[in-house]
Structures are given as C-alpha cells and as structure tokens.
file my_file31.cif (mmCIF, C-alpha atoms)
data_input
loop_
_atom_site.label_atom_id
_atom_site.label_comp_id
_atom_site.auth_asym_id
_atom_site.auth_seq_id
_atom_site.Cartn_x
_atom_site.Cartn_y
_atom_site.Cartn_z
CA MET A 281 37.76 14.47 4.11
CA ASP A 282 33.99 14.51 3.50
CA LEU A 283 32.53 13.23 6.76
CA ARG A 284 29.70 11.53 4.86
CA HIS A 285 32.26 8.79 4.16
CA ILE A 286 32.24 7.97 7.86
CA PHE A 287 28.59 6.96 7.63
CA ASN A 288 28.67 5.47 4.13
CA SER A 289 31.91 3.46 4.04
CA ALA A 290 31.90 -0.31 4.37
CA GLU A 291 34.56 -0.07 7.09
CA ALA A 292 32.35 2.16 9.24
CA LEU A 293 29.35 -0.12 8.74
CA ARG A 294 31.36 -3.23 9.61
CA PHE A 295 32.66 -1.53 12.74
CA GLY A 296 29.13 -0.49 13.70
CA HIS A 297 27.84 -4.00 13.05
CA TRP A 298 30.57 -5.41 15.30
CA LEU A 299 29.70 -2.91 18.03
CA GLY A 300 26.03 -3.81 17.77
CA ARG A 301 26.78 -7.52 18.22
CA THR A 302 29.28 -7.23 21.04
CA MET A 303 28.49 -4.11 23.08
CA PRO A 304 25.71 -3.70 25.68
CA ALA A 305 22.98 -1.46 24.34
CA GLY A 306 23.33 1.27 26.97
CA LEU A 307 27.07 1.63 26.43
CA GLY A 308 26.63 1.50 22.66
CA PHE A 309 24.11 4.33 22.66
CA ARG A 310 26.40 6.48 24.79
CA LEU A 311 29.32 5.80 22.48
CA ALA A 312 27.25 6.58 19.36
CA ASP A 313 26.00 9.79 20.95
CA GLY A 314 29.49 10.90 21.94
CA PHE A 315 30.79 10.17 18.45
CA THR A 316 28.06 12.13 16.66
CA ARG A 317 28.32 15.00 19.16
CA GLY A 318 31.94 15.32 18.07
CA LEU A 319 31.00 15.31 14.40
CA ALA A 320 28.31 17.93 14.96
CA ARG A 321 30.80 20.35 16.50
CA ARG A 322 32.43 20.67 13.06
CA ARG A 323 29.86 23.20 11.99
CA ASP A 324 31.51 23.92 8.65
CA SER A 325 32.20 20.32 7.61
CA ALA A 326 30.70 19.15 4.32
CA LEU A 327 28.28 16.89 6.18
CA MET A 328 27.03 19.62 8.52
CA ARG A 329 26.78 22.15 5.70
CA THR A 330 24.60 19.75 3.71
CA LEU A 331 22.37 19.00 6.68
CA GLN A 332 21.96 22.70 7.43
CA THR A 333 21.22 23.57 3.79
CA ASN A 334 18.51 20.91 3.58
CA LEU A 335 17.02 21.70 6.96
CA ARG A 336 16.92 25.44 6.32
CA MET A 337 14.44 24.73 3.53
CA ALA A 338 12.36 22.41 5.72
CA LEU A 339 12.35 24.80 8.69
CA GLY A 340 11.48 27.90 6.64
CA PRO A 341 13.26 31.13 5.73
CA ASP A 342 12.46 32.84 9.05
CA THR A 343 14.39 30.26 11.08
CA SER A 344 17.58 31.61 12.64
CA ASP A 345 21.00 30.23 11.71
CA GLU A 346 21.42 28.98 15.27
CA GLN A 347 18.14 27.05 15.21
CA VAL A 348 19.06 25.49 11.87
CA PHE A 349 22.42 24.43 13.32
CA LEU A 350 20.83 22.99 16.48
CA THR A 351 18.36 21.00 14.38
CA ALA A 352 21.17 19.68 12.16
CA ARG A 353 23.12 18.68 15.26
CA ALA A 354 20.06 16.89 16.65
CA ALA A 355 19.59 15.07 13.33
CA LEU A 356 23.20 13.89 13.33
CA ARG A 357 22.92 12.62 16.91
CA HIS A 358 19.67 10.87 15.99
CA ALA A 359 21.43 9.22 13.05
CA GLY A 360 24.11 7.81 15.35
CA MET A 361 21.51 6.33 17.66
CA ALA A 362 19.50 4.92 14.77
CA TYR A 363 22.54 3.27 13.17
CA PHE A 364 23.56 1.64 16.45
CA GLU A 365 19.97 0.45 17.01
CA LEU A 366 20.02 -1.18 13.58
CA TYR A 367 23.37 -2.88 14.18
CA HIS A 368 22.31 -4.04 17.63
CA ALA A 369 19.12 -5.57 16.22
CA LEU A 370 21.13 -7.33 13.51
CA GLY A 371 23.31 -8.85 16.22
CA VAL A 372 20.32 -10.05 18.27
CA GLY A 373 18.04 -11.30 15.50
CA PRO A 374 14.48 -10.84 14.19
CA GLU A 375 12.96 -10.57 17.67
CA ALA A 376 14.93 -7.35 18.25
CA PHE A 377 13.43 -5.76 15.12
CA LEU A 378 9.92 -6.77 16.10
CA ALA A 379 10.40 -5.44 19.63
CA ALA A 380 11.85 -2.10 18.54
CA VAL A 381 9.36 -1.22 15.79
CA ARG A 382 5.67 -0.68 16.43
CA SER A 383 2.79 0.27 14.23
CA THR A 384 -0.37 2.23 14.73
CA PRO A 385 -3.92 0.85 14.38
CA LEU A 386 -4.24 2.76 11.10
CA THR A 387 -0.98 1.27 9.83
CA ASP A 388 -2.14 -2.22 10.83
CA PHE A 389 -5.37 -1.62 8.89
CA TYR A 390 -3.44 -0.58 5.79
CA VAL A 391 -1.01 -3.48 6.11
CA ASP A 392 -3.97 -5.87 6.20
CA GLU A 393 -5.26 -4.16 3.05
CA MET A 394 -1.87 -4.61 1.39
CA LEU A 395 -1.86 -8.30 2.25
CA THR A 396 -5.44 -9.02 1.18
CA GLN A 397 -5.89 -6.90 -1.94
CA GLU A 398 -4.87 -8.54 -5.18
CA ARG A 399 -3.46 -5.46 -6.87
CA GLY A 400 0.07 -4.24 -6.32
CA MET A 401 0.98 -1.05 -4.49
CA VAL A 402 3.80 1.47 -4.70
CA VAL A 403 5.04 2.26 -1.18
CA VAL A 404 7.09 5.45 -0.93
CA THR A 405 8.93 6.99 1.98
CA VAL A 406 11.13 9.86 3.03
CA HIS A 407 14.44 9.30 4.83
CA MET A 408 12.99 9.67 8.31
CA SER A 409 14.58 8.13 11.39
CA ASN A 410 15.43 4.42 11.31
CA PHE A 411 13.85 3.52 7.96
CA ASP A 412 16.05 0.43 7.45
CA LEU A 413 15.13 -0.96 10.87
CA ALA A 414 11.46 -0.34 10.11
CA GLY A 415 11.63 -1.96 6.69
CA LEU A 416 13.30 -5.09 8.04
CA ALA A 417 10.81 -5.29 10.90
CA PHE A 418 7.91 -5.32 8.46
CA ALA A 419 9.69 -7.86 6.28
CA TYR A 420 9.94 -10.09 9.36
CA ARG A 421 6.20 -9.52 9.87
CA GLY A 422 5.58 -11.17 6.53
CA LEU A 423 5.42 -8.29 4.05
CA HIS A 424 7.19 -9.13 0.78
CA LEU A 425 9.02 -5.92 -0.14
CA ASN A 426 10.63 -5.20 -3.51
CA VAL A 427 12.91 -2.23 -2.86
CA LEU A 428 14.28 -0.12 -5.69
CA ALA A 429 17.96 0.63 -4.97
CA TYR A 430 20.57 2.57 -6.91
CA ALA A 431 22.77 0.48 -9.16
CA ASN A 432 26.57 0.44 -8.60
CA PRO A 433 26.34 1.58 -4.95
CA THR A 434 29.30 2.72 -2.86
CA SER A 435 30.93 0.09 -0.68
CA GLY A 436 28.88 1.23 2.32
CA TYR A 437 25.57 1.15 0.51
CA ASP A 438 26.49 -2.22 -0.97
CA MET A 439 26.82 -3.54 2.59
CA GLN A 440 23.51 -1.94 3.55
CA ASN A 441 21.91 -3.71 0.60
CA LYS A 442 23.35 -7.04 1.77
CA ILE A 443 21.79 -6.40 5.19
CA ARG A 444 18.43 -5.82 3.51
CA LEU A 445 18.77 -8.98 1.44
CA LYS A 446 19.61 -11.00 4.55
CA GLY A 447 16.38 -9.76 6.13
CA GLY A 448 14.30 -11.03 3.23
CA ILE A 449 13.91 -7.79 1.27
CA ASN A 450 14.15 -8.21 -2.50
CA LEU A 451 16.38 -5.51 -4.01
CA MET A 452 15.87 -4.32 -7.55
CA PRO A 453 18.73 -2.13 -8.86
CA ILE A 454 17.53 0.96 -10.72
CA ASP A 455 18.79 0.11 -14.19
CA VAL A 456 17.34 -0.57 -17.63
CA SER A 457 15.53 -3.68 -16.37
CA ALA A 458 14.08 -2.01 -13.25
CA LEU A 459 10.93 -0.79 -14.98
CA ARG A 460 10.10 -4.24 -16.34
CA LYS A 461 10.77 -5.95 -12.99
CA SER A 462 8.75 -3.36 -11.08
CA LEU A 463 5.81 -3.63 -13.46
CA GLU A 464 5.91 -7.43 -13.16
CA ALA A 465 5.93 -7.22 -9.38
CA LEU A 466 3.02 -4.76 -9.27
CA ARG A 467 0.95 -6.76 -11.75
CA ALA A 468 1.56 -9.83 -9.58
CA GLY A 469 0.01 -7.98 -6.64
CA GLN A 470 3.28 -7.22 -4.85
CA LEU A 471 4.69 -4.13 -3.13
CA VAL A 472 7.37 -1.96 -4.71
CA VAL A 473 9.15 0.39 -2.30
CA THR A 474 11.23 3.48 -3.05
CA GLY A 475 12.24 6.86 -1.62
CA ILE A 476 11.00 10.21 -2.89
CA ASP A 477 13.31 12.78 -1.25
CA ARG A 478 16.80 11.87 -2.48
CA PRO A 479 18.05 13.41 -5.74
CA ASP A 480 18.93 10.84 -8.37
CA PRO A 481 22.77 10.65 -8.50
CA TYR A 482 22.55 10.17 -12.27
CA GLY A 483 20.57 13.36 -12.88
CA ALA A 484 17.24 11.75 -13.74
CA GLY A 485 13.91 12.84 -12.31
CA GLU A 486 11.94 16.05 -12.73
CA MET A 487 12.15 19.53 -11.28
CA LEU A 488 9.47 19.55 -8.59
CA PRO A 489 8.55 22.12 -5.93
CA PHE A 490 9.87 20.91 -2.58
CA PHE A 491 9.46 23.25 0.37
CA GLY A 492 8.79 26.06 -2.09
CA ARG A 493 11.89 25.64 -4.23
CA PRO A 494 12.48 23.40 -7.28
CA ALA A 495 14.53 20.26 -6.74
CA ARG A 496 15.30 17.44 -9.17
CA LEU A 497 13.59 14.46 -7.56
CA PRO A 498 12.48 11.00 -8.72
CA VAL A 499 9.10 10.40 -10.35
CA GLY A 500 9.48 6.69 -11.16
CA HIS A 501 7.02 5.76 -8.42
CA VAL A 502 4.31 7.83 -10.10
CA ARG A 503 5.09 6.41 -13.54
CA LEU A 504 4.70 2.88 -12.14
CA ALA A 505 1.44 3.72 -10.40
CA LEU A 506 -0.05 5.33 -13.50
CA GLN A 507 0.95 2.40 -15.73
CA THR A 508 -0.50 -0.26 -13.44
CA GLY A 509 -3.38 1.50 -11.68
CA ALA A 510 -1.66 0.90 -8.34
CA PRO A 511 -2.13 3.35 -5.49
CA VAL A 512 0.82 5.17 -3.96
CA VAL A 513 1.05 4.47 -0.23
CA VAL A 514 3.13 6.96 1.78
CA ALA A 515 4.81 5.42 4.83
CA HIS A 516 7.46 6.65 7.24
CA CYS A 517 9.31 5.80 10.43
CA GLU A 518 9.13 8.01 13.53
CA TYR A 519 11.23 7.75 16.69
CA ARG A 520 9.32 8.07 19.95
CA PRO A 521 11.65 9.18 22.74
CA THR A 522 9.08 8.66 25.52
CA ASP A 523 9.46 4.89 25.33
CA HIS A 524 12.52 4.65 23.04
CA SER A 525 10.66 2.93 20.23
CA TYR A 526 10.04 3.44 16.53
CA ALA A 527 6.58 3.73 15.02
CA VAL A 528 5.74 3.07 11.40
CA HIS A 529 2.94 5.19 10.00
CA VAL A 530 1.06 4.82 6.76
CA SER A 531 0.38 8.49 6.24
CA ARG A 532 -1.62 8.54 3.03
CA TRP A 533 -3.12 6.19 0.46
CA LEU A 534 -3.27 8.02 -2.86
CA GLU A 535 -5.05 6.88 -5.99
CA MET A 536 -3.51 8.44 -9.07
CA GLU A 537 -5.40 11.32 -10.69
CA HIS A 538 -5.61 11.97 -14.44
CA VAL A 539 -5.59 15.67 -15.31
CA GLY A 540 -4.29 15.85 -18.87
CA SER A 541 -1.35 14.49 -20.86
CA ARG A 542 0.92 11.71 -19.65
CA GLN A 543 3.56 14.24 -18.54
CA GLU A 544 0.94 16.41 -16.84
CA ASN A 545 -0.35 13.37 -14.95
CA ILE A 546 3.17 12.47 -13.81
CA LEU A 547 3.99 15.95 -12.54
CA HIS A 548 0.59 16.49 -10.91
CA ASN A 549 0.70 13.25 -8.94
CA ALA A 550 4.40 13.60 -8.08
CA ARG A 551 3.58 16.98 -6.48
CA ARG A 552 0.73 15.41 -4.51
CA VAL A 553 2.98 12.70 -3.13
CA LEU A 554 5.83 15.09 -2.38
CA ALA A 555 3.48 17.41 -0.47
CA VAL A 556 2.76 14.56 1.95
CA GLY A 557 6.50 14.06 2.39
CA GLU A 558 6.90 17.75 3.21
CA ASP A 559 4.34 17.46 6.01
CA LEU A 560 6.15 14.47 7.50
CA ILE A 561 9.52 16.22 7.48
CA ARG A 562 8.08 19.44 8.93
CA ALA A 563 6.61 17.47 11.84
CA ARG A 564 9.99 15.94 12.82
CA PRO A 565 12.79 17.86 11.06
CA GLU A 566 15.40 16.58 13.54
CA GLN A 567 14.65 13.06 12.28
CA TRP A 568 15.12 13.83 8.57
CA LEU A 569 18.39 12.04 7.78
CA MET A 570 19.16 13.37 4.32
CA PHE A 571 22.95 13.54 3.93
CA TYR A 572 22.86 14.53 0.25
CA LYS A 573 22.23 18.05 -1.01
CA VAL A 574 18.67 18.19 -2.28
CA TRP A 575 18.81 21.67 -3.81
CA GLU A 576 21.68 22.74 -6.03
CA GLU A 577 23.03 26.25 -5.57
CA ASN A 578 21.77 27.41 -8.96
CA ASP A 579 18.26 25.99 -8.50
CA GLY A 580 15.42 28.49 -8.12
#
call {"tool": "encode", "arguments": {"input": "my_file31.cif", "output": "structure tokens"}}
result
Amino acid sequence: MDLRHIFNSAEALRFGHWLGRTMPAGLGFRLADGFTRGLARRRDSALMRTLQTNLRMALGPDTSDEQVFLTARAALRHAGMAYFELYHALGVGPEAFLAAVRSTPLTDFYVDEMLTQERGMVVVTVHMSNFDLAGLAFAYRGLHLNVLAYANPTSGYDMQNKIRLKGGINLMPIDVSALRKSLEALRAGQLVVTGIDRPDPYGAGEMLPFFGRPARLPVGHVRLALQTGAPVVVAHCEYRPTDHSYAVHVSRWLEMEHVGSRQENILHNARRVLAVGEDLIRARPEQWLMFYKVWEENDG
C-alpha cells in the first residue's frame, strides 16, 4: 500500500481531527511523533522514496544518501506534528490558530499593503510546514483568501477543502471557469492564492528549472499576474522550534517583468518566482512537505 494514502485519506483525516479535539496536546504530539517515526523506518516505502527523491534535489548532488534519508525522516516527523497541530486548533477554535501562528514586522507591513491597496494580488507559496494552519490563521485575521484548489480531489483532500471553507477561505476549483473567477477576484482587488511547487496532476504547466533540473510546474499564477497587472507575493510558513510556534513570512513582492513575447514573459517571470521558492526550501529542507514526485525519472 502507498503510505501517502495514510496522510491523504478521509479516514485518516477524520481520525486526526478526532484526536485533535479529544486528546491533550502533549500526548497528541507524542503519539504523532511515534507514528511518523514508525513510517520513516520504512526507508524503501513509496512515501519515503518520494521524499528522498525530492529532497536530494533540494539538498544538492554532493549530499550523502544518509543525510538525504535523515532529512526525509525529519520532514515526515514534522508533517505528523503539523497535522496534529492543525487538528488540535480546529478542535479548540479560532483563538488556537491566532495563538499558534505569528507574523514578522515585514509580513505585517505587507499584509497592511494587501488590505489597503485597491489592486488585487497573486499570493503564491511552497508546501512548507503548516501551510493550512497559517492560511486559516490569516483568514481569521481578516484576510479574504481565494484559494485555487485542484478539481475532483481525493476523499482526503476533499475533507481538507471543507476545513478551509469552514475557516472562511473561498475555494476555487482549477477548472475551465477558474481563470474567469480568478480574474474577477483580482480585478475586484482581492487576493488569489496558489502553490508553485506541486506538479499539476493533469499534466499542465511548463517545464521550468527547479533546483537545476527541469520539472513540469504550474504557471497559472504568472498568467493571472500578467493579465491583471497584479504583483506576485511569495509567502511561506516556517516552524520555530525554540518557542514551538509558526511564523508566516512574506518573502518577496514581485512586479511582473516584460521581456518579449507573451510566452517569454510567462517563462521569465515563472523562473523568477520559482527561484524564490528554491531559497525558501533550501533554508528549511526538513520542513518541505512535498509528498508527490516533482521530477519524473525521464526528466533532464
């Protein structure tokens, strides 16, 4: 059995949600850690192989197999903690999200800009740490977020989407109407949020250099920004073990550049955005929770 199903099934998410509501936090964290430690021991499982393949690219070709494995194991343990933290906060209520997630002065400045400027903005992120917890925390802070989500999700992701909806996040399935809805939201001065580091399951996107090797990754965020004149704002979530909190950073505010044809503009700006994502992942590779293979075996 592909162990990714453990994380992505509705049954696992319901069980985690129940644990978060009923179990004391300390005991829950120990249980989550013990569970993910067990998963990480299965070095050759599909889940661990995917994590190691992705992290080998992020860590660089000179990294030893053992260091790649240790980083993958740390990422899996971090995922268990992050999931339990999310479920626990859902059981407690909005105050738990606001207490767990902090921002930096620079992030607060950018958030004020997002709230006061009349033009829309495309907010992009990589799958770092507890990104769902962070997104819901900022929704509770008053940010209206329109999140692009894959249409026809698995049962687990469907439940995750219901959690996001409950927290006030507006979900826009990526389908034939997504472009129109996103353009309308941006032209109304709203925020459209999407990820940049997960391959499109339907094979869309463009081949872009990512950690020095081509990967087929989404470019819809750049298309939207170019069509509307919106900036691309790169944000991410970082876990801080010193005080067991999560920090949300706005890492870069990028105005789109025009260098040639429409396609040249798309690829140029997509590379600029992706380069910022690379820096974020390199800084905290053990917090990059990408459970899908980014690079196919025959790429590059």
call {"tool": "residues_around", "arguments": {"input": "my_file31.cif", "residues": "Leu497 (chain A)", "least_positions_apart": "3", "cutoff": "6 Å", "atoms": "only C-alpha atoms", "output": "number ranges by chain"}}
result
A: 479, 485-486
call {"tool": "write_last_selection", "arguments": {"input": "my_file31.cif", "atoms": "C-alpha atoms", "output": "PDB file, in the coordinates of the input"}}
result
ATOM      1  CA  PRO A 479      18.050  13.410  -5.740  1.00  0.00           C
ATOM      2  CA  GLY A 485      13.910  12.840 -12.310  1.00  0.00           C
ATOM      3  CA  GLU A 486      11.940  16.050 -12.730  1.00  0.00           C
TER       4      GLU A 486
END
call {"tool": "closest_residue", "arguments": {"input": "my_file31.cif", "among": "A:Ser325, A:Thr302, A:Thr384, A:Thr316", "to": "Arg353 (chain A)", "atoms": "all atoms listed in the file"}}
result
A:Thr316
call {"tool": "closest_residue", "arguments": {"input": "my_file31.cif", "among": "A:Phe491, A:Asn549, A:Ser525, A:Val427", "to": "Pro341 (chain A)", "atoms": "only C-alpha atoms"}}
result
A:Phe491
call {"tool": "residues_around", "arguments": {"input": "my_file31.cif", "residues": "Val406 (chain A)", "least_positions_apart": "3", "cutoff": "6 Å", "atoms": "all atoms listed in the file", "output": "list in words"}}
result
Gly475, Ile476 and Asp477 of chain A
call {"tool": "residues_around", "arguments": {"input": "my_file31.cif", "residues": "Leu319 (chain A)", "least_positions_apart": "6", "cutoff": "9 Å", "atoms": "all atoms listed in the file", "output": "list of chain:residue names"}}
result
A:Leu283, A:Ser325, A:Leu327, A:Met328, A:Arg353, A:Leu356, A:Arg357
call {"tool": "resolve_selection", "arguments": {"input": "my_file31.cif", "expression": "the PyMOL selection byres ((chain A and resi 374) around 12)", "output": "list of chain:residue names"}}
result
A:Leu366, A:Tyr367, A:His368, A:Ala369, A:Leu370, A:Gly371, A:Val372, A:Gly373, A:Glu375, A:Ala376, A:Phe377, A:Leu378, A:Ala379, A:Ala380, A:Val381, A:Leu413, A:Ala414, A:Gly415, A:Leu416, A:Ala417, A:Phe418, A:Ala419, A:Tyr420, A:Arg421, A:Gly422, A:Lys446, A:Gly447, A:Gly448
call {"tool": "resolve_selection", "arguments": {"input": "my_file31.cif", "expression": "the PyMOL selection byres ((chain A and resi 340) around 12)", "output": "list in words"}}
result
Gln332, Thr333, Asn334, Leu335, Arg336, Met337, Ala338, Leu339, Pro341, Asp342, Thr343, Ser344, Asp345, Gln347, Val348, Phe490, Phe491, Gly492, Arg493, Glu558, Ile561, Arg562 and Pro565 of chain A
call {"tool": "closest_residue", "arguments": {"input": "my_file31.cif", "among": "A:Ala320, A:Leu350, A:Met361, A:Leu466", "to": "Arg399 (chain A)", "atoms": "all atoms listed in the file"}}
result
A:Leu466
call {"tool": "closest_residue", "arguments": {"input": "my_file31.cif", "among": "A:Ile546, A:Ala359, A:Leu504, A:Met536", "to": "Leu463 (chain A)", "atoms": "only C-alpha atoms"}}
result
A:Leu504
call {"tool": "residues_around", "arguments": {"input": "my_file31.cif", "residues": "Ala468 (chain A)", "least_positions_apart": "6", "cutoff": "12 Å", "atoms": "only C-alpha atoms", "output": "MDAnalysis selection string"}}
result
chainID A and resid 397:401 424 426 461:462 508 510
call {"tool": "atom_distance", "arguments": {"input": "my_file31.cif", "atom1": "CA of Val530 (chain A)", "atom2": "CA of Leu386 (chain A)"}}
result
7.2 Å
call {"tool": "atom_distance", "arguments": {"input": "my_file31.cif", "atom1": "CA of Val472 (chain A)", "atom2": "CA of Leu534 (chain A)"}}
result
14.7 Å
call {"tool": "closest_residue", "arguments": {"input": "my_file31.cif", "among": "A:Val403, A:Met487, A:Ala312, A:Leu423", "to": "Pro511 (chain A)", "atoms": "only C-alpha atoms"}}
result
A:Val403
call {"tool": "decode", "arguments": {"input": "my_file31.cif", "residues": "region 468-479 of chain A", "atoms": "N, CA and C atoms", "output": "CSV table (one decimal), in the first residue's frame"}}
result
chain,number,residue,atom,x,y,z
A,468,ALA,N,-11.3,42.8,-8.7
A,468,ALA,CA,-12.1,43.4,-7.6
A,468,ALA,C,-11.2,43.8,-6.4
A,469,GLY,N,-9.8,43.6,-6.6
A,469,GLY,CA,-8.9,44.0,-5.6
A,469,GLY,C,-8.7,42.9,-4.5
A,470,GLN,N,-9.0,41.6,-4.9
A,470,GLN,CA,-8.9,40.6,-3.9
A,470,GLN,C,-7.6,39.8,-4.1
A,471,LEU,N,-7.4,38.8,-3.1
A,471,LEU,CA,-6.2,38.0,-3.2
A,471,LEU,C,-6.5,36.6,-3.7
A,472,VAL,N,-5.7,36.2,-4.6
A,472,VAL,CA,-5.8,34.8,-5.2
A,472,VAL,C,-4.5,34.0,-4.7
A,473,VAL,N,-4.7,32.9,-4.1
A,473,VAL,CA,-3.6,32.1,-3.5
A,473,VAL,C,-3.5,30.8,-4.2
A,474,THR,N,-2.2,30.4,-4.5
A,474,THR,CA,-2.0,29.1,-5.1
A,474,THR,C,-0.5,28.6,-4.8
A,475,GLY,N,-0.3,27.4,-4.9
A,475,GLY,CA,1.1,26.8,-4.7
A,475,GLY,C,1.8,26.8,-6.0
A,476,ILE,N,3.2,26.7,-5.9
A,476,ILE,CA,4.0,26.8,-7.1
A,476,ILE,C,4.9,25.6,-7.2
A,477,ASP,N,4.9,24.6,-6.2
A,477,ASP,CA,5.9,23.6,-6.2
A,477,ASP,C,5.3,22.2,-6.4
A,478,ARG,N,4.0,22.1,-6.6
A,478,ARG,CA,3.4,20.8,-6.8
A,478,ARG,C,3.1,20.6,-8.3
A,479,PRO,N,3.6,19.5,-8.9
A,479,PRO,CA,3.2,19.2,-10.3
A,479,PRO,C,1.7,19.1,-10.5
